[in-house]
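J.: One structure is given below, represented as structure tokens, and several questions about it will come after.
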Amino acid sequence: MASGDQASGGGKPSKVKKVLDKVRSSGKNDANGKGEDAPGSAASVVSNNLSLDPALGQRSLADLLKSLSASELLTGMAPGKNRKDMADYKFWSTQPVPRLDDQSQTSSDESGEGPIEMPTDSVPEEAVPLLGEFEWVTVDVEDPEELKEVYQLLSANYVEDSDASFRFNYSASFFNWALKSPGYVKEWHVGVRVRSSKRLVAFISGIPVRLRVRNHEIDSVEINFMCVHKKLRSKRLAPTLIKEVTRRCHAKGIWQAIYTAGVVLPTPISSCRYYHRSLDWQKLYEIGFSHLPQRSTKARQIQKYRLPESTSLKGLRPMEQKDVKQVGDLLRQMLKKFSICQIFSDEEVAHWLLSDPSLKPDERVVWAYVVEGTGGKVSDFVSFYSLPSTVIGNAKHSMLNAAYLFYYGSDLAFADGQQKAYEARLKNLMSDALILARQFEFDVFNALSLMDNPCFLDELLFGPGDGFLNFYLYNWRTKPIPGGLTSTGSLDKTNSEVGLPML
């Protein structure tokens with residue numbers, strides 16, 4: 001949801017301010033000589049999340065933090081519905097992740113980048129101990145009934161907004177897409193059941209991903225969808241889930257991981273902001289997602305976000321199997337622009353961008369389009385995926401249909417002296433993506449400030465949201481990677497180096 005005015009504190013310095021000052025003391029951007037937080041530094045990320053987190057509302061920072069210790073803030077244990085059990089400093093201090101005040105996290109020197117701990121041959125064969133009432137399971141995502149248990153658990157207990165108005169509504173088709181990427185390892189779909197009833201009460205997943213972090217290529221795992229049943233969050237299952245999936249990854253020779261969170265943990269390598277583009281403003285207003293600005297009217301807002309009836313780019317058509325090689329080449333070239341990205345095979349391109357033809361229209365997850373020129377050459381492509389949310393407590397609407405911008409590319413991105421032409425092409429490509437999403441009855445189109453998104457977000461009427469998505473690497477030290485934001489949280493068109501739009 002779009003944020004209001006930033007909360008501001010005053011009066012006597014709080015405990016958190018003192019900690020922020022301590023973090024900042026090692027995080028200044030000496031190059032600018034202004035004493036500002038270096039964009040992407042731990043201090044900058046913490047400041048952005050503090051000033052714009054929806055849990056803050058209009059309360060002053062000082063008032064909010066009276067009941068919070070500094071360690072609670074810095075490890076993400078802030079108030080709100082998305083408080084994470086895993087955000088516990090004592091746990092993360094035992095893990096191979098940088099500390100928030102780690103000097104290397106603010107240094108411009110890349111020579112110290114690399115693993116924090118080296119691989120070892122002594123990987124435990126036994127699972128991490130659980131309380132006696134629970135048992136470990138490997139969730140078989142090929143079994144429709146077990147897959148159903150996963151999306152029911154997450155739909156009821158995973159992320160919801162701070163007002164408890166919206167909650168992600170997952171489906172079997174979404175998890176078939178998200179959890180069964182090429183080369184997936186079944187043992188990395190980890191569940192916890194109640195021993196007596198066999199009910200699934202916790203889950204965490206990993207999928208294999210080859211990453212490039214600046215000049216390093218890393219075989220790693222993407223960790224996602226960690227969820228513990230709401231009634232069991234006092235049982236400390238979240239850290240145990242992380243330890244067990246880590247053990248299973250180590251058993252396969254994988255020692256690095258990438259993951260994201262909306263809270264601040266030790267230690268973000270980057271932070272990107274969510275942006276939202278209204279497609280059906282009237283519905284978004286009726287469900288409380290959008291608000292009516294002062295000195296405006298409903299009619300003006302509807303007109304403001306009105307889109308053309310048809311797309312404008314000549315040669316735009318749905319992506320087909322025959323396009324995989326060209327799209328893959330374009331994507332791999334495009335991702336060279338960024339400091340962190342996935343290294344895609346053509347098989348992975350097909351999986352992530354081509355829709356399963358066996359799905360019914362209301363089960364579809366991903367849409368991808370190419371621009372085909374003369375001789376069948378693909379010059380551009382764009383993709384987005386669907387992740388709806390249940391609308392809680394609204395008499396008129398039960399579902400928010402949200403599209404999320406995924407991968408895209410254009411050959412103009414690599415042409416010398418064509419930056420303005422490239423930005424214009426991006427704007428046209430994204431404008432057509434918005435039109436297509438509206439034709440498929442999406443209500444809102446979401447995007448992050450990563451890749452080259454800052455070049456078109458403002459112009460296409462994307463509004464900044466409350467949330468930030470923080471990126472983390474497990475067992476890998478690297479200096480901060482700019483996420484398309486200035487140190488104050490606004491868009492930075494010249495400094496976006498994250499090429500990884502994770503689900």
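Chains: A, B, ... in order of the structure tokens. Residues: from 1 per chain. Ligands: from 1, in order shown.
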For A:His276, list every protein, DNA or RNA residue within 8 Å, evaluated using only C-alpha atoms, and leave out those in the same chain fewer than 6 positions away; present the list as JSON, numbers by chain.

T.: {"A": [1, 2, 444, 445, 446, 447, 462, 463, 464, 465]}

J.: Quick one: pick out all strand (DSSP E or B) residues within stretch 130-327 of chain A from a backbone DSSP run and write them as a PyMOL selection string.

T.: chain A and resi 134-138+160+166-168+189-194+200-213+216-228+257-261+270-278+316-318

J.: Just to confirm, what's the straight-line distance from atom CA of A:Leu461 to atom CA of A:Tyr275 in Å (one decimal)?

T.: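 Answer for the atom CA of A:Leu461 to atom CA of A:Tyr275 separation: 9.4 Å.
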
J.: Can you work out which one of A:Leu405, A:Ile343, A:Leu354, A:Leu100 has the shortest atom-to-atom distance to A:Ile218, counting only C-alpha atoms?

T.: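 Checking each candidate against A:Ile218, we get A:Ile343 as the closest.
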
J.: Find the spatial neighbours of A:Ala437, counting only C-alpha atoms, within a cut-off of 9 Å - ignore same-chain residues fewer than 5 positions away - and output them as a compact mmCIF listing (two decimals) with all heavy atoms, in the first residue's frame.

T.:
```
# COMPACT_ATOMS: atom_id res chain seq x y z
N LEU A 279 -4.16 -0.51 -11.84
CA LEU A 279 -4.80 -0.89 -13.10
C LEU A 279 -6.32 -0.74 -12.98
O LEU A 279 -6.99 -0.42 -13.96
CB LEU A 279 -4.43 -2.33 -13.47
CG LEU A 279 -2.94 -2.62 -13.66
CD1 LEU A 279 -2.73 -4.10 -14.00
CD2 LEU A 279 -2.33 -1.74 -14.75
N TRP A 367 3.32 -14.85 -17.67
CA TRP A 367 3.08 -14.34 -19.01
C TRP A 367 4.39 -13.77 -19.55
O TRP A 367 5.09 -13.04 -18.83
CB TRP A 367 2.04 -13.21 -18.99
CG TRP A 367 0.63 -13.63 -18.78
CD1 TRP A 367 -0.37 -13.71 -19.71
CD2 TRP A 367 0.02 -14.02 -17.54
NE1 TRP A 367 -1.55 -14.12 -19.14
CE2 TRP A 367 -1.35 -14.32 -17.80
CE3 TRP A 367 0.48 -14.15 -16.23
CZ2 TRP A 367 -2.22 -14.74 -16.81
CZ3 TRP A 367 -0.39 -14.56 -15.24
CH2 TRP A 367 -1.72 -14.86 -15.53
N PHE A 384 5.80 -11.12 -16.72
CA PHE A 384 5.25 -10.85 -15.39
C PHE A 384 4.54 -12.10 -14.90
O PHE A 384 4.19 -12.98 -15.69
CB PHE A 384 4.31 -9.64 -15.40
CG PHE A 384 3.19 -9.69 -16.40
CD1 PHE A 384 1.96 -10.27 -16.09
CD2 PHE A 384 3.35 -9.15 -17.67
CE1 PHE A 384 0.92 -10.31 -17.01
CE2 PHE A 384 2.31 -9.18 -18.61
CZ PHE A 384 1.09 -9.76 -18.27
N ALA A 403 -0.23 -8.50 -10.47
CA ALA A 403 0.83 -8.93 -11.38
C ALA A 403 2.16 -8.38 -10.87
O ALA A 403 2.21 -7.26 -10.36
CB ALA A 403 0.55 -8.43 -12.79
N ASP A 432 3.12 -1.42 -22.60
CA ASP A 432 2.37 -2.52 -23.22
C ASP A 432 2.14 -3.65 -22.22
O ASP A 432 1.08 -4.30 -22.24
CB ASP A 432 3.11 -3.03 -24.45
CG ASP A 432 2.88 -2.15 -25.68
OD1 ASP A 432 2.11 -1.17 -25.56
OD2 ASP A 432 3.45 -2.45 -26.75
N PHE A 442 -5.96 -8.02 -14.20
CA PHE A 442 -5.19 -7.72 -13.00
C PHE A 442 -5.61 -6.35 -12.47
O PHE A 442 -5.99 -5.46 -13.24
CB PHE A 442 -3.68 -7.74 -13.29
CG PHE A 442 -3.12 -9.12 -13.45
CD1 PHE A 442 -2.93 -9.66 -14.70
CD2 PHE A 442 -2.79 -9.87 -12.33
CE1 PHE A 442 -2.42 -10.94 -14.86
CE2 PHE A 442 -2.27 -11.16 -12.48
CZ PHE A 442 -2.09 -11.69 -13.74
N ASP A 443 -5.53 -6.19 -11.16
CA ASP A 443 -5.94 -4.95 -10.51
C ASP A 443 -4.78 -4.00 -10.25
O ASP A 443 -4.96 -2.79 -10.21
CB ASP A 443 -6.61 -5.26 -9.17
CG ASP A 443 -7.77 -6.22 -9.31
OD1 ASP A 443 -8.59 -6.02 -10.23
OD2 ASP A 443 -7.86 -7.18 -8.50
N VAL A 444 -3.60 -4.57 -10.05
CA VAL A 444 -2.42 -3.77 -9.74
C VAL A 444 -1.20 -4.45 -10.32
O VAL A 444 -1.17 -5.68 -10.46
CB VAL A 444 -2.27 -3.58 -8.20
CG1 VAL A 444 -2.02 -4.93 -7.51
CG2 VAL A 444 -1.18 -2.58 -7.85
N PHE A 445 -0.21 -3.66 -10.71
CA PHE A 445 1.03 -4.18 -11.29
C PHE A 445 2.16 -3.73 -10.37
O PHE A 445 2.38 -2.53 -10.17
CB PHE A 445 1.22 -3.62 -12.70
CG PHE A 445 2.19 -4.38 -13.55
CD1 PHE A 445 1.73 -5.24 -14.54
CD2 PHE A 445 3.55 -4.23 -13.39
CE1 PHE A 445 2.62 -5.93 -15.36
CE2 PHE A 445 4.45 -4.92 -14.19
CZ PHE A 445 3.98 -5.78 -15.19
```

J.: With a distance cut-off of 6 Å and only C-alpha atoms, select the neighbouring residues of A:Leu491, excluding the residue or stretch itself and same-chain residues fewer than 2 positions from it, and output the selection as a count of residues only.

T.: 3

J.: Show me, as a PyMOL selection string, the residues that have an atom within 12 Å of A:Glu146 when counting only C-alpha atoms, minus same-chain residues fewer than 4 positions from it.

T.: chain A and resi 137-142+150-153+172+175-176+189-191+193+198-200+203

J.: Out of A:Glu441, A:Glu126, A:Glu222, A:Asp362, which residue has the shortest atom-to-atom distance to A:Tyr472 when counting only C-alpha atoms?

T.: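 Answer, going by the shortest atom-to-atom distance: A:Glu222.
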
J.: Might you pull out every residue within 12 Å of A:Leu353, with only C-alpha atoms counted and same-chain residues fewer than 6 positions away left off, and present them as JSON, numbers by chain?

T.: {"A": [177, 178, 181, 318, 319, 320, 321, 323, 324, 327, 328, 331, 344, 346, 347, 364, 365, 366, 367, 368, 369, 370, 381, 382, 383, 384, 385, 405, 406, 407, 408]}

J.: Quick one: of A:Leu450, A:Ser278, A:Asn157, A:Glu149, who's nearest to A:Lys304, counting only C-alpha atoms?

T.: A:Ser278

J.: Which is closest to A:Asp329 among A:Glu309, A:Asp380, A:Asp416, A:Asp458, if we use only C-alpha atoms?

T.: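 Of all the options, A:Asp380 lies closest to A:Asp329.
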
J.: Which residues are near A:Leu400? Cut-off 9 Å, only C-alpha atoms, ignore same chain within fewer than 6 positions. Put them as a PDB file with all heavy atoms, in the first residue's frame.

T.:
```
ATOM      1  N   PHE A 166      -4.800  -7.967   3.724  1.00  0.00           N
ATOM      2  CA  PHE A 166      -4.447  -8.762   2.549  1.00  0.00           C
ATOM      3  C   PHE A 166      -3.501  -9.879   2.951  1.00  0.00           C
ATOM      4  O   PHE A 166      -2.644  -9.707   3.808  1.00  0.00           O
ATOM      5  CB  PHE A 166      -3.776  -7.883   1.480  1.00  0.00           C
ATOM      6  CG  PHE A 166      -4.540  -6.641   1.142  1.00  0.00           C
ATOM      7  CD1 PHE A 166      -4.194  -5.424   1.708  1.00  0.00           C
ATOM      8  CD2 PHE A 166      -5.615  -6.679   0.269  1.00  0.00           C
ATOM      9  CE1 PHE A 166      -4.901  -4.272   1.415  1.00  0.00           C
ATOM     10  CE2 PHE A 166      -6.335  -5.539  -0.030  1.00  0.00           C
ATOM     11  CZ  PHE A 166      -5.980  -4.331   0.542  1.00  0.00           C
ATOM     12  N   LYS A 283     -11.426  -0.373  -7.762  1.00  0.00           N
ATOM     13  CA  LYS A 283     -11.398  -1.554  -6.895  1.00  0.00           C
ATOM     14  C   LYS A 283     -10.350  -1.409  -5.803  1.00  0.00           C
ATOM     15  O   LYS A 283     -10.605  -1.736  -4.629  1.00  0.00           O
ATOM     16  CB  LYS A 283     -11.131  -2.815  -7.719  1.00  0.00           C
ATOM     17  CG  LYS A 283     -11.051  -4.084  -6.872  1.00  0.00           C
ATOM     18  CD  LYS A 283     -10.851  -5.321  -7.726  1.00  0.00           C
ATOM     19  CE  LYS A 283     -10.690  -6.568  -6.864  1.00  0.00           C
ATOM     20  NZ  LYS A 283     -10.489  -7.795  -7.680  1.00  0.00           N
ATOM     21  N   LEU A 284      -9.181  -0.898  -6.159  1.00  0.00           N
ATOM     22  CA  LEU A 284      -8.127  -0.729  -5.164  1.00  0.00           C
ATOM     23  C   LEU A 284      -8.566   0.229  -4.066  1.00  0.00           C
ATOM     24  O   LEU A 284      -8.226   0.053  -2.892  1.00  0.00           O
ATOM     25  CB  LEU A 284      -6.846  -0.224  -5.836  1.00  0.00           C
ATOM     26  CG  LEU A 284      -6.204  -1.163  -6.862  1.00  0.00           C
ATOM     27  CD1 LEU A 284      -4.952  -0.530  -7.453  1.00  0.00           C
ATOM     28  CD2 LEU A 284      -5.878  -2.515  -6.245  1.00  0.00           C
ATOM     29  N   ILE A 287     -11.121  -1.583  -1.659  1.00  0.00           N
ATOM     30  CA  ILE A 287     -10.562  -2.569  -0.733  1.00  0.00           C
ATOM     31  C   ILE A 287      -9.529  -1.950   0.221  1.00  0.00           C
ATOM     32  O   ILE A 287      -8.943  -2.660   1.051  1.00  0.00           O
ATOM     33  CB  ILE A 287      -9.927  -3.763  -1.478  1.00  0.00           C
ATOM     34  CG1 ILE A 287      -8.734  -3.314  -2.327  1.00  0.00           C
ATOM     35  CG2 ILE A 287     -10.972  -4.476  -2.325  1.00  0.00           C
ATOM     36  CD1 ILE A 287      -8.019  -4.467  -3.027  1.00  0.00           C
ATOM     37  N   LEU A 387       0.446 -13.328  -8.554  1.00  0.00           N
ATOM     38  CA  LEU A 387       0.367 -13.771  -7.167  1.00  0.00           C
ATOM     39  C   LEU A 387      -0.762 -12.983  -6.498  1.00  0.00           C
ATOM     40  O   LEU A 387      -0.564 -11.867  -6.009  1.00  0.00           O
ATOM     41  CB  LEU A 387       1.686 -13.555  -6.427  1.00  0.00           C
ATOM     42  CG  LEU A 387       1.720 -14.014  -4.958  1.00  0.00           C
ATOM     43  CD1 LEU A 387       1.210 -15.430  -4.802  1.00  0.00           C
ATOM     44  CD2 LEU A 387       3.114 -13.878  -4.377  1.00  0.00           C
ATOM     45  N   PRO A 388      -1.968 -13.529  -6.498  1.00  0.00           N
ATOM     46  CA  PRO A 388      -3.105 -12.806  -5.924  1.00  0.00           C
ATOM     47  C   PRO A 388      -3.054 -12.805  -4.402  1.00  0.00           C
ATOM     48  O   PRO A 388      -2.328 -13.584  -3.781  1.00  0.00           O
ATOM     49  CB  PRO A 388      -4.307 -13.597  -6.436  1.00  0.00           C
ATOM     50  CG  PRO A 388      -3.791 -14.983  -6.639  1.00  0.00           C
ATOM     51  CD  PRO A 388      -2.349 -14.835  -7.046  1.00  0.00           C
ATOM     52  N   SER A 389      -3.836 -11.927  -3.818  1.00  0.00           N
ATOM     53  CA  SER A 389      -3.981 -11.870  -2.361  1.00  0.00           C
ATOM     54  C   SER A 389      -5.453 -11.941  -1.991  1.00  0.00           C
ATOM     55  O   SER A 389      -6.303 -11.360  -2.676  1.00  0.00           O
ATOM     56  CB  SER A 389      -3.386 -10.570  -1.802  1.00  0.00           C
ATOM     57  OG  SER A 389      -1.983 -10.567  -1.888  1.00  0.00           O
ATOM     58  N   THR A 390      -5.729 -12.637  -0.916  1.00  0.00           N
ATOM     59  CA  THR A 390      -7.070 -12.646  -0.360  1.00  0.00           C
ATOM     60  C   THR A 390      -7.337 -11.303   0.311  1.00  0.00           C
ATOM     61  O   THR A 390      -6.477 -10.781   1.027  1.00  0.00           O
ATOM     62  CB  THR A 390      -7.217 -13.767   0.680  1.00  0.00           C
ATOM     63  OG1 THR A 390      -6.954 -15.024   0.061  1.00  0.00           O
ATOM     64  CG2 THR A 390      -8.613 -13.783   1.278  1.00  0.00           C
ATOM     65  N   VAL A 391      -8.499 -10.733   0.052  1.00  0.00           N
ATOM     66  CA  VAL A 391      -8.912  -9.495   0.711  1.00  0.00           C
ATOM     67  C   VAL A 391      -9.708  -9.890   1.951  1.00  0.00           C
ATOM     68  O   VAL A 391     -10.721 -10.586   1.856  1.00  0.00           O
ATOM     69  CB  VAL A 391      -9.761  -8.618  -0.221  1.00  0.00           C
ATOM     70  CG1 VAL A 391     -10.188  -7.337   0.492  1.00  0.00           C
ATOM     71  CG2 VAL A 391      -8.987  -8.291  -1.497  1.00  0.00           C
ATOM     72  N   PHE A 442      -5.955  -8.017 -14.197  1.00  0.00           N
ATOM     73  CA  PHE A 442      -5.188  -7.717 -12.997  1.00  0.00           C
ATOM     74  C   PHE A 442      -5.614  -6.352 -12.474  1.00  0.00           C
ATOM     75  O   PHE A 442      -5.987  -5.459 -13.242  1.00  0.00           O
ATOM     76  CB  PHE A 442      -3.683  -7.736 -13.286  1.00  0.00           C
ATOM     77  CG  PHE A 442      -3.117  -9.119 -13.447  1.00  0.00           C
ATOM     78  CD1 PHE A 442      -2.930  -9.663 -14.703  1.00  0.00           C
ATOM     79  CD2 PHE A 442      -2.785  -9.872 -12.331  1.00  0.00           C
ATOM     80  CE1 PHE A 442      -2.417 -10.942 -14.859  1.00  0.00           C
ATOM     81  CE2 PHE A 442      -2.275 -11.158 -12.478  1.00  0.00           C
ATOM     82  CZ  PHE A 442      -2.093 -11.690 -13.741  1.00  0.00           C
ATOM     83  N   ASP A 443      -5.525  -6.194 -11.161  1.00  0.00           N
ATOM     84  CA  ASP A 443      -5.942  -4.948 -10.511  1.00  0.00           C
ATOM     85  C   ASP A 443      -4.783  -4.001 -10.252  1.00  0.00           C
ATOM     86  O   ASP A 443      -4.957  -2.786 -10.207  1.00  0.00           O
ATOM     87  CB  ASP A 443      -6.613  -5.256  -9.170  1.00  0.00           C
ATOM     88  CG  ASP A 443      -7.775  -6.216  -9.312  1.00  0.00           C
ATOM     89  OD1 ASP A 443      -8.591  -6.022 -10.230  1.00  0.00           O
ATOM     90  OD2 ASP A 443      -7.856  -7.179  -8.504  1.00  0.00           O
ATOM     91  N   VAL A 444      -3.598  -4.572 -10.048  1.00  0.00           N
ATOM     92  CA  VAL A 444      -2.421  -3.768  -9.736  1.00  0.00           C
ATOM     93  C   VAL A 444      -1.201  -4.453 -10.324  1.00  0.00           C
ATOM     94  O   VAL A 444      -1.166  -5.685 -10.455  1.00  0.00           O
ATOM     95  CB  VAL A 444      -2.273  -3.584  -8.201  1.00  0.00           C
ATOM     96  CG1 VAL A 444      -2.020  -4.925  -7.513  1.00  0.00           C
ATOM     97  CG2 VAL A 444      -1.183  -2.584  -7.855  1.00  0.00           C
TER      98      VAL A 444
END
```

J.: From the list A:Ala395, A:Val128, A:Ile481, A:Ile116, which residue is nearest A:Lys243 when using only C-alpha atoms?

T.: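 Looking at the shortest contact to A:Lys243, the residue is A:Val128.
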
J.: Give me, please, the distance in Å between atom CA of A:Pro115 and atom CA of A:Trp476, quoted to one decimal.

T.: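 For atom CA of A:Pro115 relative to atom CA of A:Trp476, the distance reads 4.4 Å.
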
J.: Record the distance separating atom CA of A:Ser93 and atom CA of A:Asp121, expressed in Å with one decimal.

T.: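 If I compute the distance from atom CA of A:Ser93 to atom CA of A:Asp121, I get 22.8 Å.
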
J.: Nearest to A:Arg214 among A:Thr240, A:Thr478, A:Gln333, A:Ser296, with distances taken over only C-alpha atoms: which residue is it?

T.: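 Checking each candidate against A:Arg214, we get A:Thr478 as the closest.
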
J.: Please extract the residues of stretch 134-280 of chain A with a backbone DSSP assignment of alpha helix (DSSP H) and present them as a VMD selection string.

T.: chain A and resid 144 to 157 172 to 179 237 to 251
